[in-house]
Each structure stands twice: as structure tokens, then as C-alpha cells.
$ cat data.txt   # compact mmCIF, C-alpha atoms
# COMPACT_ATOMS: atom_id res chain seq x y z
CA MET A 1 -31.76 -101.28 -76.14
CA ASN A 2 -31.71 -97.57 -76.82
CA ARG A 3 -35.14 -95.97 -76.77
CA ASP A 4 -34.32 -92.29 -76.99
CA PRO A 5 -32.71 -90.25 -79.72
CA ASN A 6 -29.24 -89.63 -78.49
CA PRO A 7 -26.99 -86.71 -79.27
CA ARG A 8 -23.99 -89.01 -79.21
CA TYR A 9 -25.02 -90.67 -82.47
CA ALA A 10 -22.14 -90.87 -84.96
CA LEU A 11 -21.95 -92.58 -88.35
CA HIS A 12 -19.88 -95.77 -88.24
CA ALA A 13 -16.49 -95.38 -89.94
CA GLN A 14 -17.12 -98.24 -92.38
CA LEU A 15 -20.45 -96.78 -93.52
CA ASP A 16 -18.78 -93.40 -93.82
CA ALA A 17 -16.11 -94.95 -96.05
CA ASP A 18 -18.53 -96.96 -98.24
CA THR A 19 -21.28 -94.38 -98.82
CA PHE A 20 -21.93 -90.74 -99.75
CA PRO A 21 -24.52 -88.43 -98.16
CA VAL A 22 -27.68 -87.75 -100.16
CA ALA A 23 -30.38 -86.46 -97.81
CA ALA A 24 -31.40 -86.24 -94.15
CA PHE A 25 -34.92 -87.39 -93.27
CA ALA A 26 -36.65 -87.01 -89.91
CA LEU A 27 -35.15 -90.21 -88.48
CA SER A 28 -32.49 -91.40 -90.91
CA ASP A 29 -29.72 -90.21 -93.16
CA LEU A 30 -29.97 -91.42 -96.73
CA ARG A 31 -26.60 -92.35 -98.24
CA LEU A 32 -25.52 -93.71 -101.62
CA MET A 33 -23.48 -96.93 -101.64
CA ASP A 34 -20.31 -96.49 -103.69
CA ASP A 35 -21.18 -99.25 -106.16
CA ALA A 36 -22.27 -98.24 -109.64
CA ASN A 37 -23.46 -101.80 -110.37
CA TYR A 38 -26.87 -100.97 -108.87
CA PRO A 39 -28.86 -97.99 -107.65
CA TRP A 40 -28.14 -98.83 -104.01
CA VAL A 41 -28.80 -96.60 -101.02
CA VAL A 42 -28.83 -97.11 -97.27
CA LEU A 43 -30.95 -95.50 -94.60
CA VAL A 44 -29.08 -94.97 -91.33
CA PRO A 45 -31.32 -94.03 -88.39
CA ARG A 46 -29.60 -91.38 -86.28
CA VAL A 47 -30.09 -93.34 -83.07
CA ALA A 48 -27.00 -93.91 -80.94
CA GLN A 49 -26.09 -97.54 -80.23
CA ALA A 50 -28.83 -98.93 -82.49
CA ARG A 51 -27.71 -102.23 -83.97
CA GLU A 52 -30.96 -104.11 -84.56
CA LEU A 53 -34.45 -102.98 -85.59
CA VAL A 54 -35.58 -103.97 -82.08
CA ASP A 55 -33.34 -101.20 -80.75
CA LEU A 56 -35.83 -98.67 -82.15
CA ASP A 57 -38.98 -97.81 -80.25
CA SER A 58 -42.36 -98.13 -81.89
CA SER A 59 -42.55 -94.58 -83.23
CA GLN A 60 -39.00 -94.81 -84.60
CA ARG A 61 -39.82 -98.12 -86.31
CA HIS A 62 -42.89 -96.64 -87.94
CA ALA A 63 -40.90 -93.59 -89.03
CA LEU A 64 -38.28 -95.90 -90.52
CA SER A 65 -41.03 -97.83 -92.34
CA ASP A 66 -42.28 -94.54 -93.77
CA GLU A 67 -38.78 -93.56 -94.88
CA ILE A 68 -38.21 -96.97 -96.50
CA ASP A 69 -41.51 -96.45 -98.32
CA ARG A 70 -40.49 -92.98 -99.49
CA VAL A 71 -37.11 -94.22 -100.74
CA SER A 72 -38.69 -97.25 -102.40
CA ARG A 73 -41.17 -95.09 -104.31
CA ALA A 74 -38.44 -92.69 -105.39
CA LEU A 75 -36.22 -95.51 -106.68
CA HIS A 76 -39.24 -96.95 -108.50
CA ASP A 77 -39.89 -93.60 -110.14
CA GLY A 78 -36.27 -92.87 -110.90
CA PHE A 79 -34.97 -96.26 -112.02
CA LYS A 80 -37.99 -98.43 -112.96
CA PRO A 81 -36.50 -101.52 -111.32
CA TYR A 82 -37.86 -105.03 -111.80
CA LYS A 83 -37.64 -105.58 -108.02
CA LEU A 84 -36.60 -103.74 -104.90
CA ASN A 85 -34.45 -105.50 -102.34
CA ILE A 86 -34.75 -104.17 -98.79
CA ALA A 87 -32.65 -105.55 -95.97
CA ALA A 88 -31.24 -104.94 -92.51
CA LEU A 89 -28.32 -107.35 -92.18
CA GLY A 90 -25.39 -105.80 -90.31
CA ASN A 91 -23.24 -108.92 -90.05
CA LEU A 92 -20.14 -106.89 -90.87
CA VAL A 93 -21.04 -103.31 -89.90
CA PRO A 94 -22.70 -103.22 -86.50
CA GLN A 95 -24.54 -99.88 -86.86
CA LEU A 96 -28.20 -100.29 -87.85
CA HIS A 97 -28.65 -99.53 -91.54
CA VAL A 98 -31.25 -100.57 -94.09
CA HIS A 99 -30.31 -101.32 -97.68
CA VAL A 100 -32.70 -100.33 -100.46
CA ILE A 101 -31.49 -101.61 -103.81
CA ALA A 102 -33.14 -101.28 -107.22
CA ARG A 103 -32.62 -104.57 -109.05
CA ARG A 104 -32.79 -105.28 -112.76
CA GLN A 105 -32.87 -108.66 -114.42
CA ASP A 106 -29.73 -107.69 -116.32
CA ASP A 107 -27.73 -106.45 -113.32
CA PRO A 108 -24.49 -108.32 -112.55
CA ALA A 109 -25.77 -110.27 -109.52
CA TRP A 110 -29.31 -111.07 -110.65
CA PRO A 111 -31.19 -113.05 -109.34
CA SER A 112 -28.92 -113.41 -106.30
CA PRO A 113 -28.82 -110.85 -103.52
CA VAL A 114 -26.06 -108.32 -104.18
CA TRP A 115 -23.86 -108.93 -101.15
CA GLY A 116 -20.59 -110.67 -101.89
CA ARG A 117 -21.47 -111.57 -105.48
CA VAL A 118 -19.69 -109.05 -107.67
CA ALA A 119 -16.87 -106.67 -106.76
CA ALA A 120 -18.14 -103.16 -106.09
CA ARG A 121 -17.66 -100.79 -109.02
CA PRO A 122 -16.89 -97.40 -107.44
CA TYR A 123 -18.40 -94.32 -109.06
CA THR A 124 -16.10 -91.99 -110.95
CA PRO A 125 -16.27 -88.46 -109.54
CA GLU A 126 -18.42 -87.37 -112.52
CA GLN A 127 -20.82 -90.30 -112.13
CA LEU A 128 -21.02 -89.67 -108.43
CA VAL A 129 -21.99 -86.02 -108.82
CA GLU A 130 -24.62 -86.96 -111.39
CA ARG A 131 -26.08 -89.81 -109.32
CA VAL A 132 -26.27 -87.81 -106.10
CA ALA A 133 -27.95 -84.93 -107.96
CA LEU A 134 -30.46 -87.32 -109.53
CA LEU A 135 -31.28 -88.84 -106.14
CA GLN A 136 -31.58 -85.44 -104.48
CA ASP A 137 -34.02 -84.41 -107.24
CA LEU A 138 -36.13 -87.48 -106.44
CA PHE A 139 -36.39 -86.38 -102.81
CA ARG A 140 -37.08 -82.72 -103.37
CA ASP A 141 -40.41 -81.86 -101.76
CA MET B 1 -50.83 -101.38 -105.88
CA ASN B 2 -53.24 -103.23 -103.68
CA ARG B 3 -54.47 -101.14 -100.77
CA ASP B 4 -57.21 -103.31 -99.33
CA PRO B 5 -57.10 -106.71 -97.70
CA ASN B 6 -58.36 -109.04 -100.34
CA PRO B 7 -60.15 -112.34 -99.85
CA ARG B 8 -58.46 -113.74 -102.94
CA TYR B 9 -55.11 -113.91 -101.17
CA ALA B 10 -53.41 -117.29 -101.57
CA LEU B 11 -49.95 -118.44 -100.51
CA HIS B 12 -47.55 -118.76 -103.44
CA ALA B 13 -46.82 -122.40 -104.34
CA GLN B 14 -43.06 -121.99 -103.87
CA LEU B 15 -43.45 -120.52 -100.37
CA ASP B 16 -45.91 -123.28 -99.58
CA ALA B 17 -43.33 -125.87 -100.67
CA ASP B 18 -40.38 -124.28 -98.83
CA THR B 19 -42.00 -123.43 -95.49
CA PHE B 20 -44.24 -124.78 -92.73
CA PRO B 21 -47.02 -122.87 -90.93
CA VAL B 22 -46.26 -121.65 -87.41
CA ALA B 23 -48.72 -118.89 -86.50
CA ALA B 24 -51.18 -116.40 -87.95
CA PHE B 25 -50.81 -112.77 -86.85
CA ALA B 26 -53.18 -109.90 -87.62
CA LEU B 27 -51.60 -109.13 -90.98
CA SER B 28 -49.19 -111.93 -91.77
CA ASP B 29 -48.72 -115.66 -91.57
CA LEU B 30 -45.54 -116.75 -89.84
CA ARG B 31 -43.89 -119.76 -91.49
CA LEU B 32 -40.72 -121.74 -90.81
CA MET B 33 -38.22 -122.10 -93.65
CA ASP B 34 -37.31 -125.74 -94.18
CA ASP B 35 -33.60 -125.22 -93.52
CA ALA B 36 -32.20 -126.47 -90.22
CA ASN B 37 -28.95 -124.52 -90.79
CA TYR B 38 -30.51 -121.45 -89.14
CA PRO B 39 -33.59 -120.44 -87.16
CA TRP B 40 -35.21 -118.88 -90.24
CA VAL B 41 -38.81 -117.77 -90.53
CA VAL B 42 -40.77 -115.71 -93.03
CA LEU B 43 -43.68 -113.35 -92.53
CA VAL B 44 -46.16 -113.42 -95.41
CA PRO B 45 -48.72 -110.59 -95.33
CA ARG B 46 -52.11 -111.92 -96.35
CA VAL B 47 -52.60 -109.20 -98.97
CA ALA B 48 -53.51 -110.35 -102.46
CA GLN B 49 -51.15 -109.30 -105.26
CA ALA B 50 -48.63 -107.73 -102.87
CA ARG B 51 -45.13 -108.03 -104.30
CA GLU B 52 -43.27 -105.05 -102.83
CA LEU B 53 -43.46 -103.29 -99.47
CA VAL B 54 -44.88 -100.29 -101.38
CA ASP B 55 -47.90 -102.48 -102.21
CA LEU B 56 -48.96 -102.19 -98.55
CA ASP B 57 -50.81 -99.14 -97.31
CA SER B 58 -49.49 -97.19 -94.35
CA SER B 59 -51.43 -99.09 -91.67
CA GLN B 60 -50.42 -102.43 -93.19
CA ARG B 61 -46.77 -101.34 -93.27
CA HIS B 62 -46.86 -100.33 -89.63
CA ALA B 63 -48.57 -103.61 -88.72
CA LEU B 64 -45.85 -105.48 -90.60
CA SER B 65 -43.19 -103.49 -88.73
CA ASP B 66 -44.86 -104.49 -85.46
CA GLU B 67 -44.95 -108.15 -86.50
CA ILE B 68 -41.28 -108.07 -87.55
CA ASP B 69 -40.51 -106.59 -84.12
CA ARG B 70 -42.50 -109.31 -82.37
CA VAL B 71 -40.78 -112.08 -84.33
CA SER B 72 -37.36 -110.50 -83.83
CA ARG B 73 -37.83 -110.34 -80.06
CA ALA B 74 -39.05 -113.93 -79.94
CA LEU B 75 -36.06 -115.19 -81.94
CA HIS B 76 -33.77 -113.19 -79.64
CA ASP B 77 -35.35 -114.80 -76.59
CA GLY B 78 -35.47 -118.28 -78.06
CA PHE B 79 -32.14 -118.53 -79.84
CA LYS B 80 -29.84 -115.80 -78.46
CA PRO B 81 -28.46 -114.94 -81.91
CA TYR B 82 -25.43 -112.75 -82.50
CA LYS B 83 -27.37 -110.85 -85.18
CA LEU B 84 -30.75 -110.84 -86.82
CA ASN B 85 -31.00 -110.58 -90.60
CA ILE B 86 -34.26 -109.10 -91.89
CA ALA B 87 -34.98 -108.82 -95.59
CA ALA B 88 -37.63 -108.44 -98.25
CA LEU B 89 -35.98 -109.64 -101.47
CA GLY B 90 -38.38 -111.59 -103.69
CA ASN B 91 -36.15 -111.92 -106.72
CA LEU B 92 -37.24 -115.54 -107.17
CA VAL B 93 -40.63 -115.77 -105.42
CA PRO B 94 -42.81 -112.81 -106.39
CA GLN B 95 -45.16 -112.85 -103.38
CA LEU B 96 -44.20 -110.33 -100.69
CA HIS B 97 -42.48 -112.09 -97.81
CA VAL B 98 -40.05 -110.91 -95.14
CA HIS B 99 -37.23 -113.12 -93.94
CA VAL B 100 -36.23 -113.00 -90.27
CA ILE B 101 -33.14 -115.10 -89.63
CA ALA B 102 -31.25 -115.63 -86.37
CA ARG B 103 -27.55 -115.66 -87.21
CA ARG B 104 -24.67 -117.09 -85.22
CA GLN B 105 -20.99 -116.53 -85.83
CA ASP B 106 -20.59 -120.30 -86.17
CA ASP B 107 -23.45 -120.84 -88.61
CA PRO B 108 -22.50 -122.26 -92.03
CA ALA B 109 -22.88 -119.04 -94.01
CA TRP B 110 -21.51 -116.50 -91.51
CA PRO B 111 -20.77 -113.63 -92.12
CA SER B 112 -22.41 -113.78 -95.55
CA PRO B 113 -26.14 -113.48 -96.03
CA VAL B 114 -27.73 -116.93 -96.11
CA TRP B 115 -29.17 -116.91 -99.61
CA GLY B 116 -27.38 -119.17 -102.06
CA ARG B 117 -24.41 -119.90 -99.78
CA VAL B 118 -25.02 -123.34 -98.34
CA ALA B 119 -27.47 -126.01 -99.49
CA ALA B 120 -30.60 -126.06 -97.37
CA ARG B 121 -30.64 -128.79 -94.72
CA PRO B 122 -34.28 -129.92 -94.50
CA TYR B 123 -35.63 -130.73 -91.05
CA THR B 124 -36.29 -134.35 -90.21
CA PRO B 125 -39.93 -134.91 -89.20
CA GLU B 126 -38.89 -135.13 -85.54
CA GLN B 127 -36.83 -131.92 -85.72
CA LEU B 128 -39.65 -130.16 -87.52
CA VAL B 129 -42.24 -131.01 -84.87
CA GLU B 130 -39.85 -129.86 -82.14
CA ARG B 131 -38.92 -126.62 -83.89
CA VAL B 132 -42.50 -125.66 -84.72
CA ALA B 133 -43.56 -126.38 -81.14
CA LEU B 134 -40.70 -124.27 -79.78
CA LEU B 135 -41.64 -121.38 -82.07
CA GLN B 136 -45.32 -121.64 -81.21
CA ASP B 137 -44.38 -121.51 -77.53
CA LEU B 138 -42.47 -118.27 -78.17
CA PHE B 139 -45.62 -116.72 -79.67
CA ARG B 140 -48.09 -117.87 -77.07
CA ASP B 141 -49.74 -114.85 -75.50

$ encode --input "data.txt" --output "C-alpha cells"
Amino acid sequence: MNRDPNPRYALHAQLDADTFPVAAFALSDLRLMDDANYPWVVLVPRVAQARELVDLDSSQRHALSDEIDRVSRALHDGFKPYKLNIAALGNLVPQLHVHVIARRQDDPAWPSPVWGRVAARPYTPEQLVERVALLQDLFRD
Amino acid sequence: MNRDPNPRYALHAQLDADTFPVAAFALSDLRLMDDANYPWVVLVPRVAQARELVDLDSSQRHALSDEIDRVSRALHDGFKPYKLNIAALGNLVPQLHVHVIARRQDDPAWPSPVWGRVAARPYTPEQLVERVALLQDLFRD
């Protein structure tokens, strides 16, 4: 277990490939998943070697809870979802990351969880610029 | 949003049907999912009307984070999983509940998330008694 913030933190290559940067919070980086099927972001705590939630200490866990709350409220405001899905899975990518996904009853995977249901639909460059700007507006203080 | 503990809390009928009681923590009830494919429990905060994590206030969220941590550590100790999966989905059952699932690389759904992959394998009465006792032992103070 890693209990101290560690300067050797680096984003995992697979997360780097699958997501785009949106914002940096106190603990975590917020990144957009490259799948236009859903408003889908991930929070990646900048804690070296963290793989499970139990690898965070108590203050880091509470900070992560606060950041999940902030992201959840912003997605609610910005996308009016029917339901939020929040998950730390990591079966394929070992670096700790938390999915926050705004679900609609007419989205392509509903009511199933999104993972492995429908092929990802990558953003076009124009869509990507627009979506990142919209998200960054939601997190402007 | 419901910000106060509420005496009118009641367990949702579907969760009642799908799970068995294991323990009561300060905020949440811990219940065993009736699926012997995985060590799979759910935490159900006893907060009336709560549907999303954002329906908890800050102290309730931090308490839930602490209870997720406690359950995660117990499942680690008791089952030595390769990975924990932790999720608040609620697309089908609207009452807020958090899944904590101990995953193995030889479990029937690996590496997919468990939902909707493999038919649930209900515990026999004998297995159920043994599993609940084992879990209760893990949470004895």
C-alpha cells in the first residue's frame, strides 16, 4: 500500500490512450473517455502505485469522495442524466481510476453497465473540442 | 436530495430478495448477494430516498467511504482476490447501494464486470450459512 503522494506518479499508458485531459483537482486528474456514446469521465488520483481504493489513506479517500461528488453534480447539471454510474473496476487497467458516467434510458447500453456492451464511438476532433470545453465550463470556479 | 438520516428508510424489495443480511455498520447495512460465483456484498446506506451518491451529505459520504474501505480490507483478508470491483450503478434498483466484489482471474466473468455476464448461482442453505458466518467473522471487532 502506498500512503504518501509520490512524485513518481505517471498516468498509465492505456488510460493515456483512451482518455483526454479535462481538469486537475487537488487529488485527481479528470479525463474524458474517448467514447461519444455517453458523457463518461474518469478520475485518476495522482498517487503512485495506487491500484485499489484501499491504497489511498483516509484523507485521500475522503478527497476522492469529494471529487466524485463534484464531478457527479457537474454531470447532473450539464447532462441531466437519468442515473449516474460510478465505479472503480480496474480489471484491465491496473492504475486506480474511478469512472463517472451519465446514463440515459435511451443510451446504447441501457440498462446494462457500459463496459463491453457497445463498441466505443470515438469523438471527432470537432466533437472532442466542444465536449472538453463544455466540461471545463462545468468545473470553472 | 435527502440530507438527514430518516426514520422512514426501508430496504428496497428487490435488494431484499437478492441479498442476505450480514452486518449493520454506522451508516450502511452490509448484505451478501445471493450469487456464489463471487464473494459479492453490497453496502446499503440507511438513508431514506437516497438514489445517488450526491443524495448523501458530506459526512455520510465520508462514512460510506470508510465503510467501503473496511469491507474492501475484509474481503482482501478473507478471499485474497486479484482485484476488487466497487460500484454504485442502480440502473435497475433505484435505492442507493454500493457493490464490493472480490474478483479472481478464474472467476466466471473475468475480466468483464460481473453484471449480466453469467447467471447468478444461488447459495445452497448450507453454503449460505457458512458464507455469512465467515463474513461476520471478518467484521467482528

$ residues_around --input "data.txt" --residues "segment 80-93 of chain A" --least-positions-apart "2" --cutoff "6 Å" --atoms "all atoms listed in the file" --output "PyMOL selection string"
(chain A and resi 76-77+95+98-104) or (chain B and resi 85-89+111)

$ closest_residue --input "data.txt" --among "A:Glu67, A:Asp107, A:Glu126, A:Glu52" --to "chain B" --atoms "all atoms listed in the file"
A:Glu52

$ atom_distance --input "data.txt" --atom1 "atom CA of Phe139 of chain A" --atom2 "atom CA of Val118 of chain A"
28.6 Å

$ closest_residue --input "data.txt" --among "A:Leu15, A:Leu64, A:Leu27, A:Val44" --to "chain B" --atoms "all atoms listed in the file"
A:Leu64

$ atom_distance --input "data.txt" --atom1 "atom CA of Asp16 of chain A" --atom2 "atom CA of Ser112 of chain B"
20.8 Å

$ calpha_fit_and_write --input "data.txt" --fixed "chain A" --moving "chain B" --output "CSV table (one decimal) with C-alpha atoms, in the coordinates of the input"
chain,number,residue,atom,x,y,z
B,1,MET,CA,-31.9,-101.2,-76.1
B,2,ASN,CA,-31.8,-97.5,-76.9
B,3,ARG,CA,-35.2,-95.9,-76.8
B,4,ASP,CA,-34.4,-92.2,-77.1
B,5,PRO,CA,-32.8,-90.2,-79.8
B,6,ASN,CA,-29.3,-89.6,-78.5
B,7,PRO,CA,-27.0,-86.7,-79.3
B,8,ARG,CA,-24.0,-89.0,-79.2
B,9,TYR,CA,-25.0,-90.7,-82.5
B,10,ALA,CA,-22.1,-90.9,-85.0
B,11,LEU,CA,-21.9,-92.6,-88.3
B,12,HIS,CA,-19.9,-95.8,-88.2
B,13,ALA,CA,-16.5,-95.4,-89.9
B,14,GLN,CA,-17.1,-98.2,-92.4
B,15,LEU,CA,-20.5,-96.8,-93.5
B,16,ASP,CA,-18.8,-93.4,-93.8
B,17,ALA,CA,-16.1,-94.9,-96.1
B,18,ASP,CA,-18.5,-97.0,-98.2
B,19,THR,CA,-21.3,-94.4,-98.8
B,20,PHE,CA,-21.9,-90.7,-99.7
B,21,PRO,CA,-24.5,-88.4,-98.1
B,22,VAL,CA,-27.7,-87.8,-100.1
B,23,ALA,CA,-30.4,-86.5,-97.8
B,24,ALA,CA,-31.4,-86.2,-94.1
B,25,PHE,CA,-34.9,-87.4,-93.3
B,26,ALA,CA,-36.6,-87.0,-89.9
B,27,LEU,CA,-35.1,-90.2,-88.5
B,28,SER,CA,-32.5,-91.4,-90.9
B,29,ASP,CA,-29.7,-90.2,-93.1
B,30,LEU,CA,-30.0,-91.4,-96.7
B,31,ARG,CA,-26.6,-92.4,-98.2
B,32,LEU,CA,-25.5,-93.7,-101.6
B,33,MET,CA,-23.5,-96.9,-101.6
B,34,ASP,CA,-20.3,-96.5,-103.7
B,35,ASP,CA,-21.2,-99.3,-106.2
B,36,ALA,CA,-22.3,-98.2,-109.6
B,37,ASN,CA,-23.5,-101.8,-110.4
B,38,TYR,CA,-26.9,-101.0,-108.9
B,39,PRO,CA,-28.9,-98.0,-107.6
B,40,TRP,CA,-28.2,-98.8,-104.0
B,41,VAL,CA,-28.8,-96.6,-101.0
B,42,VAL,CA,-28.8,-97.1,-97.3
B,43,LEU,CA,-31.0,-95.5,-94.6
B,44,VAL,CA,-29.1,-95.0,-91.3
B,45,PRO,CA,-31.3,-94.0,-88.4
B,46,ARG,CA,-29.6,-91.4,-86.3
B,47,VAL,CA,-30.1,-93.4,-83.1
B,48,ALA,CA,-27.0,-93.9,-80.9
B,49,GLN,CA,-26.1,-97.5,-80.2
B,50,ALA,CA,-28.8,-98.9,-82.5
B,51,ARG,CA,-27.7,-102.3,-84.0
B,52,GLU,CA,-31.0,-104.1,-84.5
B,53,LEU,CA,-34.4,-103.0,-85.6
B,54,VAL,CA,-35.6,-104.0,-82.1
B,55,ASP,CA,-33.3,-101.2,-80.7
B,56,LEU,CA,-35.8,-98.7,-82.1
B,57,ASP,CA,-39.0,-97.8,-80.2
B,58,SER,CA,-42.4,-98.2,-81.9
B,59,SER,CA,-42.5,-94.6,-83.2
B,60,GLN,CA,-39.0,-94.8,-84.6
B,61,ARG,CA,-39.8,-98.1,-86.3
B,62,HIS,CA,-42.9,-96.7,-87.9
B,63,ALA,CA,-40.9,-93.6,-89.0
B,64,LEU,CA,-38.3,-95.9,-90.5
B,65,SER,CA,-41.0,-97.8,-92.3
B,66,ASP,CA,-42.3,-94.5,-93.7
B,67,GLU,CA,-38.8,-93.6,-94.9
B,68,ILE,CA,-38.2,-97.0,-96.5
B,69,ASP,CA,-41.5,-96.5,-98.3
B,70,ARG,CA,-40.5,-93.0,-99.5
B,71,VAL,CA,-37.1,-94.2,-100.7
B,72,SER,CA,-38.7,-97.3,-102.4
B,73,ARG,CA,-41.2,-95.1,-104.3
B,74,ALA,CA,-38.4,-92.7,-105.4
B,75,LEU,CA,-36.2,-95.5,-106.7
B,76,HIS,CA,-39.2,-96.9,-108.5
B,77,ASP,CA,-39.9,-93.6,-110.1
B,78,GLY,CA,-36.3,-92.9,-110.9
B,79,PHE,CA,-35.0,-96.2,-112.0
B,80,LYS,CA,-38.0,-98.4,-113.0
B,81,PRO,CA,-36.5,-101.5,-111.3
B,82,TYR,CA,-37.9,-105.0,-111.8
B,83,LYS,CA,-37.6,-105.6,-108.0
B,84,LEU,CA,-36.6,-103.7,-104.9
B,85,ASN,CA,-34.4,-105.5,-102.3
B,86,ILE,CA,-34.7,-104.2,-98.8
B,87,ALA,CA,-32.6,-105.6,-96.0
B,88,ALA,CA,-31.2,-105.0,-92.5
B,89,LEU,CA,-28.3,-107.4,-92.2
B,90,GLY,CA,-25.4,-105.8,-90.3
B,91,ASN,CA,-23.2,-108.9,-90.0
B,92,LEU,CA,-20.1,-106.9,-90.9
B,93,VAL,CA,-21.0,-103.3,-89.9
B,94,PRO,CA,-22.7,-103.2,-86.5
B,95,GLN,CA,-24.5,-99.9,-86.9
B,96,LEU,CA,-28.2,-100.3,-87.8
B,97,HIS,CA,-28.6,-99.5,-91.5
B,98,VAL,CA,-31.3,-100.6,-94.1
B,99,HIS,CA,-30.3,-101.3,-97.7
B,100,VAL,CA,-32.7,-100.3,-100.4
B,101,ILE,CA,-31.5,-101.6,-103.8
B,102,ALA,CA,-33.1,-101.3,-107.2
B,103,ARG,CA,-32.6,-104.6,-109.0
B,104,ARG,CA,-32.8,-105.3,-112.8
B,105,GLN,CA,-32.9,-108.7,-114.4
B,106,ASP,CA,-29.7,-107.7,-116.3
B,107,ASP,CA,-27.7,-106.4,-113.3
B,108,PRO,CA,-24.5,-108.3,-112.6
B,109,ALA,CA,-25.8,-110.2,-109.5
B,110,TRP,CA,-29.3,-111.1,-110.7
B,111,PRO,CA,-31.2,-113.1,-109.3
B,112,SER,CA,-28.9,-113.4,-106.3
B,113,PRO,CA,-28.8,-110.9,-103.5
B,114,VAL,CA,-26.1,-108.3,-104.2
B,115,TRP,CA,-23.9,-108.9,-101.2
B,116,GLY,CA,-20.6,-110.7,-101.9
B,117,ARG,CA,-21.5,-111.6,-105.5
B,118,VAL,CA,-19.7,-109.0,-107.7
B,119,ALA,CA,-16.9,-106.7,-106.8
B,120,ALA,CA,-18.1,-103.2,-106.1
B,121,ARG,CA,-17.7,-100.8,-109.0
B,122,PRO,CA,-16.9,-97.4,-107.4
B,123,TYR,CA,-18.4,-94.3,-109.1
B,124,THR,CA,-16.1,-92.0,-111.0
B,125,PRO,CA,-16.3,-88.4,-109.6
B,126,GLU,CA,-18.4,-87.4,-112.5
B,127,GLN,CA,-20.8,-90.3,-112.1
B,128,LEU,CA,-21.0,-89.7,-108.4
B,129,VAL,CA,-22.0,-86.0,-108.8
B,130,GLU,CA,-24.6,-87.0,-111.4
B,131,ARG,CA,-26.1,-89.8,-109.3
B,132,VAL,CA,-26.3,-87.8,-106.1
B,133,ALA,CA,-27.9,-84.9,-108.0
B,134,LEU,CA,-30.5,-87.3,-109.5
B,135,LEU,CA,-31.3,-88.8,-106.1
B,136,GLN,CA,-31.6,-85.4,-104.5
B,137,ASP,CA,-34.0,-84.4,-107.2
B,138,LEU,CA,-36.1,-87.5,-106.4
B,139,PHE,CA,-36.4,-86.4,-102.8
B,140,ARG,CA,-37.1,-82.7,-103.4
B,141,ASP,CA,-40.4,-81.8,-101.8

$ residues_near_point --input "data.txt" --point "(-38.7, -124.0, -79.3)" --cutoff "12 Å" --atoms "only C-alpha atoms" --output "list in words"
Val22, Leu32, Pro39, Ala74, Leu75, His76, Asp77, Gly78, Phe79, Gln127, Leu128, Val129, Glu130, Arg131, Val132, Ala133, Leu134, Leu135, Gln136, Asp137, Leu138, Phe139 and Arg140 of chain B

$ closest_residue --input "data.txt" --among "B:Leu96, B:Val71, B:Ala10, B:Ala119" --to "Phe25 of chain B" --atoms "all atoms listed in the file"
B:Val71

$ atom_distance --input "data.txt" --atom1 "atom CA of Asp69 of chain A" --atom2 "atom CA of Ser65 of chain B"
12.0 Å
